[in-house]
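A short write-up of the structure that comes next.
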Amino acid sequence: MSKLSVDHHAKDFGQFYLQILGRKADVLSAQVGVALSQPEKCEEIDSRMAMWRYIDDYATVKDGDILCQSNPLIDWGSSKFSAKTLEPGLHHYLKKSSDSTADIVLMIVTEKTSSGQGFAVLTEQAFHEYLDLVPSSRYSKLTIWIGDTAIVGRRHADQVIANSVESGDHHISIGALASDTYVNTTMAMFVLSSIPVALMISLMAHFLICYFAPRLSLADDIKRGLDRKEFYLQYQPIYGNDNKLHGFEALARWQHPKMGNVSPEIFIPEIENQQLSMLFTRYVFERVVQDIGPLNLTKPYHLGVNVPPSFMCSDELDTTLKSTLEAFQRVNLLLTLEVTERQLLDEEAIRHIDAVRQLGIRVAIDDFGVGHTSLSMLQRVHFDYLKIDKCFVDTVGVDSINAPVLESIIELAHRLNVNIVAEGVEKIEQSSFLSARGCQFQQGYLHDRPLSIETISSRFVFG
């Protein structure tokens with residue numbers, strides 16, 4: 001029974017990580033798909049690829065001919081890469097180096113179109129960095145397969161294959177083997193549970209059921225995490241052109257009891273997909289008041305909270321925001337709802353935005369320039385701030401095809417008579433460029449990283 005218990009929870013561990021890897025594979029494939037969507041435009045591909053440090057090599061082909069390629073990490077002339085049978089998705093590839101040793105790389109293949117097909121490559125080391133795996137004291141041996149080849153933990157592959165789980169969507173499999181300490185601990189607990197004392201047996205059985213109950217899904221994990229207060233907030237300061245603190249953006253973080261820090265790229269899409277936005281946003285509002293209250297602010301500061309468009313259309317929106325406003329006013333905060341532009345703003349969301357602003361709440365369009373909002377719809381949305389995405393700020397001082405877009409966005413904001421917040425400012429030349437063109441507010445590592453509430457309390461003098 002001890003062995004069955006350990007094996008069962010090893011599969012639970014693998015299933016949880018498989019969800020995380022699947023989402024990261026989606027993000028990576030989507031980035032490559034966009035970059036290689038026009039296989040014949042080599043300069044544009046070079047510019048886009050330069051922004052992604054994980055991609056080591058790429059090529060595009062059409063009818064067996066090379067259209068574009070970077071440094072020849074791989075023999076792109078091989079007939080394998082022009083074959084019609086190579087399906088889009090993730091593949092592994094063994095590259096024979098000069099000393100005849102085999103280097104495993106990961107290849108991302110794009111959809112084949114009339115204009116050609118693209119291939120991008122990550123080395124094994126880059127793939128490890130991209131996965132950013134969190135070590136576990138319970139499962140010391142972890143193996144990840146792409147297809148039939150072990151990309152991570154090859155020397156443990158034979159030992160963990162019996163406990164592996166796989167995803168048909170990405171051709172990814174994952175297996176884990178429990179550490180000796182965890183196995184010994186589990187065996188000891190089963191020995192204790194066999195003591196013929198009815199009370200002890202019932203108590204231990206209850207403990208084991210509660211402690212080792214398998215987590216059914218990431219959505220269930222999120223709900224449990226909210227109940228157990230596993231989510232916490234960091235606050236990134238926002239500064240004006242006078243270098244004075246204007247406010248903060250609240251950023252949610254998740255400290256999972258078994259997996260450690262879970263990336264927002266994993267749990268935020270799941271919150272939106274599982275219709276948990278209202279529940280999660282109420283949690284964030286309550287946590288903000290709990291964090292900021294002890295600071296005793298003597299003048300108002302702005303606090304930005306990210307919300308999806310689905311939050312703006314909730315039936316509970318009006319009640320939630322009115323109670324939130326009362327709580328924020330008590331701690332001297334001015335609420336700004338940051339509506340992400342990566343999702344489509346429909347007519348219903350626009351009507352709710354107008355109603356929200358009538359309550360005295362400010363609205364910002366977040367990640368502007370990388371989402372779905374059309375210029376015609378933008379004319380009908382009344383908002384207070386336009387937040388420029390980091391990918392455009394990064395073009396300052398760089399010969400990039402996106403560089404003219406930044407100035408166009410700034411000019412558009414001025415014509416719409418809304419304030420501008422530039423995200424991801426990391427260099428002095430970026431800050432100077434934005435200030436000179438009338439960008440009123442900035443946030444980024446140049447000014448401050450996201451900070452804990454304890455750090456904010458010790459660093460800033462409010463008043």
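Each chain of the structure tokens is named A, B, ... in the order shown, its residues numbered from 1; ligands are numbered from 1 in display order.
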Could you give me, as a PyMOL selection string, each residue of region 217-326 of chain A that DSSP assigns to alpha helix (DSSP H) when run on this structure's backbone?
chain A and resi 218-227+264-273+277-292+309-312+317-326
Please provide the set of residues having any atom within 12 Å of Arg228 (chain A), restricted to only C-alpha atoms, with same-chain residues fewer than 6 positions apart removed, written as a count of residues only.
7
In Å to one decimal, how far is CA of Gln236 (chain A) from CA of Thr455 (chain A)?
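Calculated distance between CA of Thr455 (chain A) and CA of Gln236 (chain A) is 11.2 Å.
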Which of region 183-325 of chain A counts as strand (DSSP E or B) under DSSP, as a PyMOL selection string please?
chain A and resi 231-240+245-256+260-262+301-307
For Phe368 (chain A), which of A:Glu129, A:Asp394, A:Glu338, A:Asp227 is the closest residue, counting only C-alpha atoms?
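Between A:Glu129, A:Asp394, A:Glu338, A:Asp227, the residue approaching Phe368 (chain A) most closely is A:Glu338.
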Env of region 164-167 of chain A: 7 Å cut, atoms = only C-alpha atoms, seq-sep filter 4 positions within chain, self excluded. Answer as a ChimeraX atom specification.
/A:11,14-15,160,171-176
Include N, CA, C and O atoms and write out the residues we just selected as a tab-separated table (two decimals), in the first residue's frame.
```
chain	number	residue	atom	x	y	z
A	11	LYS	N	2.23	10.34	-10.01
A	11	LYS	CA	1.47	10.68	-11.21
A	11	LYS	C	0.72	12.00	-11.06
A	11	LYS	O	0.60	12.79	-12.00
A	14	GLY	N	3.25	14.62	-11.68
A	14	GLY	CA	3.51	14.74	-13.11
A	14	GLY	C	2.37	15.40	-13.86
A	14	GLY	O	2.60	16.20	-14.76
A	15	GLN	N	1.12	15.11	-13.48
A	15	GLN	CA	-0.04	15.69	-14.16
A	15	GLN	C	-0.08	17.21	-13.94
A	15	GLN	O	-0.38	17.97	-14.86
A	160	VAL	N	11.47	6.08	-14.20
A	160	VAL	CA	10.22	6.81	-13.97
A	160	VAL	C	9.16	6.55	-15.04
A	160	VAL	O	8.04	7.04	-14.92
A	171	HIS	N	2.62	16.26	-27.55
A	171	HIS	CA	3.57	15.15	-27.63
A	171	HIS	C	4.58	15.23	-26.47
A	171	HIS	O	5.74	14.87	-26.63
A	172	ILE	N	4.12	15.73	-25.33
A	172	ILE	CA	4.97	15.85	-24.15
A	172	ILE	C	4.55	14.78	-23.14
A	172	ILE	O	3.37	14.56	-22.91
A	173	SER	N	5.54	14.12	-22.53
A	173	SER	CA	5.28	13.19	-21.43
A	173	SER	C	6.16	13.60	-20.26
A	173	SER	O	7.23	14.20	-20.44
A	174	ILE	N	5.71	13.28	-19.04
A	174	ILE	CA	6.49	13.63	-17.86
A	174	ILE	C	6.37	12.50	-16.85
A	174	ILE	O	5.30	11.91	-16.69
A	175	GLY	N	7.47	12.20	-16.19
A	175	GLY	CA	7.48	11.17	-15.17
A	175	GLY	C	8.32	11.61	-14.00
A	175	GLY	O	9.28	12.37	-14.15
A	176	ALA	N	7.97	11.15	-12.79
A	176	ALA	CA	8.69	11.55	-11.58
A	176	ALA	C	8.91	10.33	-10.69
A	176	ALA	O	8.10	9.41	-10.68
```
I'd like the contact shell of Ala355 (chain A) - 12 Å cut-off, only C-alpha atoms, skipping same-chain residues fewer than 2 positions apart - returned as a short mmCIF file (atom, residue, chain, number, x, y, z; two decimals) with N, CA, C and O atoms, in the first residue's frame.
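The resulting file, selection_23.cif, is shown below:
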```cif
data_model
loop_
_atom_site.label_atom_id
_atom_site.label_comp_id
_atom_site.auth_asym_id
_atom_site.auth_seq_id
_atom_site.Cartn_x
_atom_site.Cartn_y
_atom_site.Cartn_z
N MET A 312 -15.66 43.02 -16.24
CA MET A 312 -16.45 44.23 -16.44
C MET A 312 -17.90 43.92 -16.77
O MET A 312 -18.77 44.78 -16.64
N CYS A 313 -18.18 42.70 -17.20
CA CYS A 313 -19.55 42.34 -17.60
C CYS A 313 -20.26 41.47 -16.55
O CYS A 313 -21.34 40.95 -16.82
N LEU A 317 -20.73 43.23 -10.63
CA LEU A 317 -19.75 44.30 -10.78
C LEU A 317 -20.09 45.52 -9.93
O LEU A 317 -19.26 46.03 -9.17
N ASP A 318 -21.31 46.01 -10.03
CA ASP A 318 -21.70 47.25 -9.36
C ASP A 318 -21.57 47.12 -7.84
O ASP A 318 -20.98 47.97 -7.17
N LEU A 321 -17.80 46.81 -6.76
CA LEU A 321 -17.01 48.03 -6.88
C LEU A 321 -17.43 49.08 -5.85
O LEU A 321 -16.59 49.82 -5.33
N LYS A 322 -18.71 49.16 -5.53
CA LYS A 322 -19.14 50.14 -4.53
C LYS A 322 -18.55 49.82 -3.16
O LYS A 322 -18.07 50.71 -2.45
N GLU A 348 -20.79 45.44 -24.73
CA GLU A 348 -21.25 45.36 -23.35
C GLU A 348 -20.15 45.82 -22.40
O GLU A 348 -20.41 46.56 -21.43
N ALA A 349 -18.91 45.42 -22.67
CA ALA A 349 -17.80 45.84 -21.82
C ALA A 349 -17.61 47.35 -21.87
O ALA A 349 -17.32 48.00 -20.86
N ILE A 350 -17.79 47.93 -23.05
CA ILE A 350 -17.65 49.39 -23.20
C ILE A 350 -18.70 50.12 -22.37
O ILE A 350 -18.40 51.12 -21.70
N ARG A 351 -19.94 49.63 -22.37
CA ARG A 351 -20.99 50.26 -21.57
C ARG A 351 -20.66 50.19 -20.07
O ARG A 351 -20.88 51.15 -19.33
N HIS A 352 -20.13 49.06 -19.63
CA HIS A 352 -19.78 48.93 -18.23
C HIS A 352 -18.60 49.83 -17.86
O HIS A 352 -18.52 50.32 -16.72
N ILE A 353 -17.67 50.03 -18.79
CA ILE A 353 -16.56 50.94 -18.52
C ILE A 353 -17.07 52.34 -18.25
O ILE A 353 -16.62 53.04 -17.32
N ARG A 357 -16.61 54.45 -14.64
CA ARG A 357 -15.99 55.77 -14.54
C ARG A 357 -16.92 56.76 -13.84
O ARG A 357 -16.47 57.71 -13.18
N GLN A 358 -18.25 56.57 -13.98
CA GLN A 358 -19.19 57.44 -13.28
C GLN A 358 -19.13 57.24 -11.77
O GLN A 358 -19.53 58.13 -11.02
N LEU A 359 -18.61 56.09 -11.32
CA LEU A 359 -18.44 55.86 -9.88
C LEU A 359 -17.19 56.54 -9.34
O LEU A 359 -16.95 56.53 -8.12
N GLY A 360 -16.39 57.14 -10.23
CA GLY A 360 -15.14 57.77 -9.79
C GLY A 360 -13.93 56.89 -9.92
O GLY A 360 -12.85 57.23 -9.45
N ILE A 361 -14.10 55.73 -10.54
CA ILE A 361 -12.99 54.81 -10.76
C ILE A 361 -12.36 55.11 -12.12
O ILE A 361 -13.06 55.31 -13.11
N ARG A 362 -11.04 55.14 -12.15
CA ARG A 362 -10.35 55.38 -13.41
C ARG A 362 -10.11 54.06 -14.14
O ARG A 362 -10.00 53.00 -13.53
N VAL A 363 -10.01 54.16 -15.46
CA VAL A 363 -9.85 52.99 -16.31
C VAL A 363 -8.62 53.17 -17.20
O VAL A 363 -8.43 54.24 -17.77
N VAL A 381 -14.48 54.17 -26.57
CA VAL A 381 -14.18 53.82 -25.20
C VAL A 381 -13.66 55.05 -24.46
O VAL A 381 -12.69 55.68 -24.90
N HIS A 382 -14.30 55.42 -23.36
CA HIS A 382 -13.83 56.52 -22.54
C HIS A 382 -12.93 55.95 -21.45
O HIS A 382 -13.38 55.16 -20.62
N PHE A 383 -11.66 56.33 -21.46
CA PHE A 383 -10.73 55.82 -20.47
C PHE A 383 -9.77 56.92 -20.07
O PHE A 383 -9.74 58.00 -20.65
#
```
Let me make sure I understand: among A:Asn296, A:Gly424, A:Lys390, A:Glu411, which one has the smallest atom-to-atom distance to Phe460 (chain A) if we use only C-alpha atoms?
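Of A:Asn296, A:Gly424, A:Lys390, A:Glu411, the one nearest Phe460 (chain A) is A:Asn296, counting only C-alpha atoms.
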Distance table requested - region 360-433 of chain A against region 238-249 of chain A, cut-off 12 Å, only C-alpha atoms: one row per qualifying residue with the closest atom pair and its distance in Å to one decimal, ordered by chain and rising residue number, as JSON lines.
```
{"residue": "A:Ala364", "atom": "CA", "partner": "A:Glu249", "partner_atom": "CA", "distance": 11.4}
{"residue": "A:Asp366", "atom": "CA", "partner": "A:Glu249", "partner_atom": "CA", "distance": 11.3}
{"residue": "A:Lys387", "atom": "CA", "partner": "A:Ile238", "partner_atom": "CA", "distance": 11.5}
{"residue": "A:Asn419", "atom": "CA", "partner": "A:Gly240", "partner_atom": "CA", "distance": 10.8}
{"residue": "A:Ile420", "atom": "CA", "partner": "A:Gly240", "partner_atom": "CA", "distance": 10.2}
{"residue": "A:Val421", "atom": "CA", "partner": "A:Ile238", "partner_atom": "CA", "distance": 8.3}
{"residue": "A:Ala422", "atom": "CA", "partner": "A:Ile238", "partner_atom": "CA", "distance": 9.4}
{"residue": "A:Glu423", "atom": "CA", "partner": "A:Ile238", "partner_atom": "CA", "distance": 9.2}
{"residue": "A:Gly424", "atom": "CA", "partner": "A:Ile238", "partner_atom": "CA", "distance": 10.9}
{"residue": "A:Val425", "atom": "CA", "partner": "A:Ile238", "partner_atom": "CA", "distance": 10.7}
{"residue": "A:Ser431", "atom": "CA", "partner": "A:Asn241", "partner_atom": "CA", "distance": 9.1}
{"residue": "A:Ser432", "atom": "CA", "partner": "A:Asn241", "partner_atom": "CA", "distance": 9.5}
{"residue": "A:Phe433", "atom": "CA", "partner": "A:Asn241", "partner_atom": "CA", "distance": 11.5}
```
For N, CA and C atoms, I'd like the residues from the last selection saved as a CSV table (one decimal), in the first residue's frame.
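After the write, result_11.csv holds the following:
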```
chain,number,residue,atom,x,y,z
A,364,ALA,N,-7.8,52.1,-17.3
A,364,ALA,CA,-6.6,52.1,-18.1
A,364,ALA,C,-6.7,51.0,-19.1
A,366,ASP,N,-4.7,48.4,-20.8
A,366,ASP,CA,-3.3,47.8,-20.6
A,366,ASP,C,-2.8,47.1,-21.8
A,387,LYS,N,-1.7,52.4,-21.4
A,387,LYS,CA,-0.4,51.8,-21.0
A,387,LYS,C,0.2,51.2,-22.2
A,419,ASN,N,-3.8,60.2,-20.4
A,419,ASN,CA,-2.5,60.1,-19.8
A,419,ASN,C,-1.8,58.8,-20.3
A,420,ILE,N,-0.5,58.8,-20.4
A,420,ILE,CA,0.3,57.7,-20.9
A,420,ILE,C,1.1,57.1,-19.8
A,421,VAL,N,1.1,55.8,-19.6
A,421,VAL,CA,2.0,55.1,-18.7
A,421,VAL,C,2.8,54.1,-19.5
A,422,ALA,N,4.1,54.3,-19.5
A,422,ALA,CA,5.0,53.4,-20.3
A,422,ALA,C,5.5,52.2,-19.3
A,423,GLU,N,5.3,51.0,-19.8
A,423,GLU,CA,5.7,49.8,-19.0
A,423,GLU,C,7.0,49.3,-19.4
A,424,GLY,N,7.7,48.7,-18.5
A,424,GLY,CA,9.0,48.0,-18.8
A,424,GLY,C,10.1,48.9,-19.2
A,425,VAL,N,10.2,50.1,-18.5
A,425,VAL,CA,11.3,51.1,-18.8
A,425,VAL,C,12.5,50.5,-18.0
A,431,SER,N,13.8,56.2,-20.8
A,431,SER,CA,13.1,57.2,-19.9
A,431,SER,C,13.1,58.6,-20.5
A,432,SER,N,14.3,59.0,-20.9
A,432,SER,CA,14.5,60.3,-21.5
A,432,SER,C,13.7,60.5,-22.8
A,433,PHE,N,13.7,59.5,-23.6
A,433,PHE,CA,12.9,59.5,-24.9
A,433,PHE,C,11.4,59.7,-24.6
```
Grab the CA of Tyr301 (chain A) to CA of Thr319 (chain A) distance for me, in Å with one decimal place.
23.0 Å
Contact check, region 264-376 of chain A to region 22-27 of chain A, at most 12 Å, counting only C-alpha atoms, closest pairs as CSV:
```
residue,atom,partner,partner_atom,distance
A:Pro264,CA,A:Arg23,CA,11.3
A:Glu265,CA,A:Arg23,CA,8.1
A:Ile266,CA,A:Arg23,CA,6.6
A:Phe267,CA,A:Arg23,CA,9.8
A:Ile268,CA,A:Arg23,CA,11.2
A:Pro269,CA,A:Arg23,CA,9.2
A:Glu270,CA,A:Arg23,CA,9.9
```
Please provide the set of residues having any atom within 9 Å of Asp367 (chain A), restricted to only C-alpha atoms, with same-chain residues fewer than 5 positions apart removed, written as a list in words.
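Near Asp367 (chain A), the qualifying residues are Val339, Thr340, Glu341, Arg342, Leu386, Lys387, Ile388, Asp389, Lys390 and Glu423 of chain A.
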Neighbour list for Leu36 (chain A) as a PyMOL selection string, cut-off 6 Å, only C-alpha atoms, skip fewer than 3 positions in-chain:
chain A and resi 33+39+118
Residue contacts of region 49-53 of chain A (9 Å, only C-alpha atoms) excluding same-chain residues fewer than 4 positions away, as an mmCIF file with N, CA and C atoms, in the first residue's frame:
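That gives us part_9.cif:
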```
data_model
loop_
_atom_site.group_PDB
_atom_site.id
_atom_site.type_symbol
_atom_site.label_atom_id
_atom_site.label_comp_id
_atom_site.auth_asym_id
_atom_site.auth_seq_id
_atom_site.Cartn_x
_atom_site.Cartn_y
_atom_site.Cartn_z
ATOM 1 N N GLN A 31 4.548 32.296 -30.151
ATOM 2 C CA GLN A 31 5.564 33.304 -30.469
ATOM 3 C C GLN A 31 6.283 32.971 -31.775
ATOM 4 N N VAL A 32 6.670 31.694 -31.894
ATOM 5 C CA VAL A 32 7.378 31.283 -33.112
ATOM 6 C C VAL A 32 6.455 31.405 -34.324
ATOM 7 N N ALA A 35 6.360 34.991 -35.443
ATOM 8 C CA ALA A 35 7.630 35.433 -36.013
ATOM 9 C C ALA A 35 7.856 34.872 -37.417
ATOM 10 N N GLU A 44 12.400 41.023 -41.194
ATOM 11 C CA GLU A 44 11.384 41.106 -40.153
ATOM 12 C C GLU A 44 11.513 39.940 -39.177
ATOM 13 N N ILE A 45 11.818 38.736 -39.684
ATOM 14 C CA ILE A 45 12.016 37.581 -38.812
ATOM 15 C C ILE A 45 13.218 37.815 -37.904
ATOM 16 N N ASP A 57 18.155 29.298 -33.242
ATOM 17 C CA ASP A 57 18.343 29.152 -34.682
ATOM 18 C C ASP A 57 16.964 29.060 -35.336
ATOM 19 N N TYR A 58 16.878 29.398 -36.601
ATOM 20 C CA TYR A 58 15.623 29.235 -37.315
ATOM 21 C C TYR A 58 15.896 29.126 -38.811
ATOM 22 N N ALA A 126 18.785 25.979 -23.388
ATOM 23 C CA ALA A 126 17.776 27.031 -23.505
ATOM 24 C C ALA A 126 16.387 26.506 -23.128
ATOM 25 N N CYS A 391 7.069 45.794 -25.201
ATOM 26 C CA CYS A 391 7.695 45.452 -26.485
ATOM 27 C C CYS A 391 7.926 46.694 -27.339
#
```
